[in-house]
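Engineer: Supplied in C-alpha cells, the structure appears directly below.
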Amino acid sequence: EVQLVATGGGLVQPGGSLRLSCAASGFDFSAAGVSWVRQAPGKALELVASILPSGAATHYVDSVKGRFTISRDNAKNTSYLQLNSLKAEDTATYSCATGWIMYDRPGQGTQVTVSS
C-alpha cells in the first residue's frame with residue numbers, strides 16, 4: 001500500500017521558514033518522481049514543486065520560485081520542502097504525491113499557517 005505522510009507544518013510569521021518532510025512507504029521511492037502540492041481553504045489543489053527520481057531536475061510553480069526548495073533522500077525514502085520567506089498567501093495544507101508535475105492522489109497533509 002502506497003503511503004505518503006507529510007509533517008513539519010505549523011504557525012509561522014511572515015518572512016519565516018519551515019521545513020516539511022514527506023515519508024514514503026509501500027513502493028519503490030527511488031524510482032518515483034515526487035510532487036508537493038497545497039490546498040488553501042476554498043481553493044483548488046495546486047502543484048508547488050516536483051523532483052525527478054534521481055533528484056537531477058526540479059520544477060516550481062512561479063509563485064514559489066526562489067523561496068521554496070524541493071529535495072529528496074532516496075536512502076531514507078523521504079522528500080523535503082524547504083519554505084523560506086513565507087507569505088500569508090502560502091497558508092495551506094501541504095501534502096506530497098508520486099509523479100513529476102502530473103501527480104497521483106496526495107497523501108496525508110500538514111497545515112502551514114503564515115500569520116502575524
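Quick note on naming: the chains in the C-alpha cells go A, B, ... in the order shown, residues restart at 1 in each chain, and ligands are numbered from 1 in order of appearance.
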Sorted by chain and rising residue number, list the residues of stretch 47-114 of chain A at most 10 Å from stretch 16-26 of chain A (counting only C-alpha atoms), each with its closest atom pair and distance in Å to one decimal, as a Markdown table.
Structural biologist:
| residue | atom | partner | partner_atom | distance |
| --- | --- | --- | --- | --- |
| A:Arg67 | CA | A:Ser17 | CA | 9.4 |
| A:Phe68 | CA | A:Ser17 | CA | 9.4 |
| A:Thr69 | CA | A:Arg19 | CA | 9.4 |
| A:Ile70 | CA | A:Leu20 | CA | 9.5 |
| A:Ser71 | CA | A:Ser21 | CA | 9.6 |
| A:Arg72 | CA | A:Cys22 | CA | 9.0 |
| A:Asn74 | CA | A:Ala24 | CA | 9.8 |
| A:Lys76 | CA | A:Ala23 | CA | 8.1 |
| A:Asn77 | CA | A:Ala24 | CA | 5.5 |
| A:Thr78 | CA | A:Ala23 | CA | 4.7 |
| A:Ser79 | CA | A:Cys22 | CA | 5.0 |
| A:Tyr80 | CA | A:Ser21 | CA | 4.6 |
| A:Leu81 | CA | A:Leu20 | CA | 5.0 |
| A:Gln82 | CA | A:Arg19 | CA | 4.5 |
| A:Leu83 | CA | A:Leu18 | CA | 5.1 |
| A:Asn84 | CA | A:Ser17 | CA | 4.4 |
| A:Ser85 | CA | A:Gly16 | CA | 5.5 |
| A:Leu86 | CA | A:Gly16 | CA | 5.5 |
| A:Lys87 | CA | A:Gly16 | CA | 8.3 |
| A:Tyr94 | CA | A:Leu20 | CA | 8.5 |
| A:Ser95 | CA | A:Cys22 | CA | 7.7 |
| A:Cys96 | CA | A:Cys22 | CA | 6.4 |
| A:Ala97 | CA | A:Cys22 | CA | 9.0 |
| A:Thr98 | CA | A:Ala24 | CA | 9.4 |
| A:Gly107 | CA | A:Cys22 | CA | 9.0 |
| A:Gln108 | CA | A:Cys22 | CA | 9.2 |
| A:Gly109 | CA | A:Cys22 | CA | 8.9 |
| A:Thr110 | CA | A:Leu20 | CA | 8.2 |
| A:Val112 | CA | A:Leu18 | CA | 8.6 |
| A:Val114 | CA | A:Gly16 | CA | 8.2 |
Engineer: Write the residues of the selection above to a file with N, CA, C and O atoms, as a short mmCIF file (atom, residue, chain, number, x, y, z; two decimals), in the first residue's frame.
Structural biologist:
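Heads up, here's the output in part_12.cif:
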data_model
loop_
_atom_site.label_atom_id
_atom_site.label_comp_id
_atom_site.auth_asym_id
_atom_site.auth_seq_id
_atom_site.Cartn_x
_atom_site.Cartn_y
_atom_site.Cartn_z
N ARG A 67 11.98 30.90 -3.36
CA ARG A 67 11.64 30.86 -1.94
C ARG A 67 11.56 29.44 -1.40
O ARG A 67 11.92 29.18 -0.25
N PHE A 68 11.07 28.51 -2.19
CA PHE A 68 10.92 27.12 -1.77
C PHE A 68 11.97 26.26 -2.48
O PHE A 68 12.36 26.52 -3.62
N THR A 69 12.41 25.19 -1.79
CA THR A 69 13.36 24.25 -2.37
C THR A 69 12.90 22.82 -2.09
O THR A 69 12.70 22.46 -0.92
N ILE A 70 12.75 22.04 -3.15
CA ILE A 70 12.38 20.63 -3.00
C ILE A 70 13.65 19.79 -3.08
O ILE A 70 14.57 20.10 -3.84
N SER A 71 13.69 18.74 -2.29
CA SER A 71 14.83 17.82 -2.31
C SER A 71 14.34 16.44 -1.90
O SER A 71 13.17 16.26 -1.54
N ARG A 72 15.25 15.48 -1.96
CA ARG A 72 14.88 14.12 -1.58
C ARG A 72 16.12 13.36 -1.11
O ARG A 72 17.24 13.66 -1.52
N ASN A 74 16.80 9.43 -1.15
CA ASN A 74 16.27 8.13 -1.53
C ASN A 74 16.65 7.04 -0.52
O ASN A 74 15.93 6.05 -0.39
N LYS A 76 16.51 7.37 2.59
CA LYS A 76 15.57 7.49 3.70
C LYS A 76 14.12 7.48 3.24
O LYS A 76 13.21 7.68 4.05
N ASN A 77 13.89 7.28 1.93
CA ASN A 77 12.52 7.29 1.39
C ASN A 77 11.76 8.56 1.81
O ASN A 77 10.59 8.49 2.20
N THR A 78 12.45 9.67 1.74
CA THR A 78 11.88 10.92 2.22
C THR A 78 12.16 12.06 1.25
O THR A 78 13.25 12.16 0.69
N SER A 79 11.15 12.90 1.07
CA SER A 79 11.31 14.13 0.31
C SER A 79 11.13 15.30 1.27
O SER A 79 10.42 15.19 2.28
N TYR A 80 11.76 16.42 0.93
CA TYR A 80 11.68 17.61 1.77
C TYR A 80 11.23 18.81 0.95
O TYR A 80 11.49 18.89 -0.25
N LEU A 81 10.60 19.74 1.63
CA LEU A 81 10.25 21.02 1.01
C LEU A 81 10.64 22.11 2.00
O LEU A 81 10.05 22.21 3.07
N GLN A 82 11.68 22.85 1.64
CA GLN A 82 12.12 23.97 2.46
C GLN A 82 11.35 25.21 2.03
O GLN A 82 11.38 25.59 0.85
N LEU A 83 10.68 25.82 2.99
CA LEU A 83 9.87 27.01 2.73
C LEU A 83 10.53 28.21 3.40
O LEU A 83 10.65 28.25 4.62
N ASN A 84 10.99 29.16 2.59
CA ASN A 84 11.60 30.38 3.11
C ASN A 84 10.79 31.61 2.69
O ASN A 84 9.99 31.53 1.75
N SER A 85 11.01 32.71 3.36
CA SER A 85 10.34 33.98 3.03
C SER A 85 8.84 33.78 2.88
O SER A 85 8.23 34.24 1.90
N LEU A 86 8.26 33.12 3.85
CA LEU A 86 6.84 32.77 3.76
C LEU A 86 5.94 33.99 3.76
O LEU A 86 6.22 35.00 4.43
N LYS A 87 4.85 33.88 3.02
CA LYS A 87 3.86 34.94 2.89
C LYS A 87 2.50 34.41 3.36
O LYS A 87 2.27 33.20 3.38
N TYR A 94 -0.30 21.33 3.07
CA TYR A 94 0.71 20.83 2.14
C TYR A 94 0.79 19.30 2.22
O TYR A 94 0.82 18.74 3.32
N SER A 95 0.84 18.67 1.07
CA SER A 95 0.98 17.22 1.04
C SER A 95 1.86 16.82 -0.14
O SER A 95 2.20 17.67 -0.97
N CYS A 96 2.22 15.56 -0.19
CA CYS A 96 3.08 15.08 -1.28
C CYS A 96 2.40 13.94 -2.02
O CYS A 96 1.50 13.28 -1.49
N ALA A 97 2.85 13.75 -3.24
CA ALA A 97 2.28 12.72 -4.11
C ALA A 97 3.38 12.17 -5.00
O ALA A 97 4.42 12.82 -5.20
N THR A 98 3.17 11.01 -5.56
CA THR A 98 4.11 10.49 -6.55
C THR A 98 3.82 11.14 -7.89
O THR A 98 2.67 11.52 -8.18
N GLY A 107 -0.99 12.20 -0.33
CA GLY A 107 -1.18 11.54 0.94
C GLY A 107 -1.61 12.49 2.03
O GLY A 107 -2.11 13.58 1.76
N GLN A 108 -1.36 12.08 3.27
CA GLN A 108 -1.75 12.89 4.43
C GLN A 108 -0.96 14.19 4.45
O GLN A 108 0.26 14.17 4.30
N GLY A 109 -1.64 15.29 4.67
CA GLY A 109 -1.01 16.60 4.61
C GLY A 109 -0.65 17.17 5.96
O GLY A 109 -0.96 16.61 7.02
N THR A 110 0.03 18.33 5.92
CA THR A 110 0.40 19.06 7.12
C THR A 110 0.03 20.53 6.91
O THR A 110 0.22 21.08 5.83
N VAL A 112 0.20 24.49 7.12
CA VAL A 112 1.12 25.62 7.24
C VAL A 112 0.27 26.89 7.32
O VAL A 112 -0.53 27.16 6.43
N VAL A 114 0.63 31.00 7.88
CA VAL A 114 1.53 32.15 7.92
C VAL A 114 0.72 33.35 8.39
O VAL A 114 -0.16 33.84 7.68
#
Engineer: Would you please give, as a VMD selection string, all residues of chain A that DSSP assigns to strand (DSSP E or B) based on the backbone?
Structural biologist: chain A and resid 3 to 7 10 to 12 18 to 25 34 to 39 46 to 51 58 to 60 68 to 73 78 to 83 92 to 98 108 110 to 114
Engineer: Compare A:Val12, A:Ala88, A:Val61, A:Ile51 by their minimum atom-to-atom distance to A:Asp73, counting only C-alpha atoms, and give me the closest one.
Structural biologist: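 For A:Asp73, the nearest of the given residues is A:Ile51.
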Engineer: Could you list, as an MDAnalysis selection string, every residue within 8 Å of A:Tyr60, counting only C-alpha atoms and ignoring same-chain residues fewer than 6 positions away?
Structural biologist: chainID A and resid 48:50
Engineer: Considering only C-alpha atoms, state which residue in the set A:Ser116, A:Ser63, A:Thr93, A:Ser30 is at the smallest distance from A:Ala44.
Structural biologist: A:Thr93
Engineer: Please run DSSP on the backbone and report, as a list in words, all residues within stretch 31-78 of chain A that come out as helix (DSSP H, G or I).
Structural biologist: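 Output for stretch 31-78 of chain A, helix (DSSP H, G or I) only: Ala31, Asp62, Ser63, Val64, Asn74, Ala75 and Lys76 of chain A.
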Engineer: Pick out the closest residue to A:Phe29 from this set: A:Ala57, A:Ala75, A:Met102, A:Leu11. Count only C-alpha atoms.
Structural biologist: A:Ala75
Engineer: As an exercise, work out the distance from atom CA of A:Pro53 to atom CA of A:Gln3 in Å and give it to one decimal place.
Structural biologist: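 Atom-to-atom, atom CA of A:Pro53 and atom CA of A:Gln3 are spaced 16.8 Å apart.
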Engineer: Using only C-alpha atoms, which residue out of A:Gly9, A:Gly99, A:Phe27, A:Pro14 lies closest to A:Leu52?
Structural biologist: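 The closest residue to A:Leu52 is A:Gly99.
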Engineer: So which one's closest to A:Gln13, A:Arg105, A:Thr113, A:Ala56, A:Lys65? Using only C-alpha atoms, please.
Structural biologist: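 Checking each candidate against A:Gln13, we get A:Thr113 as the closest.
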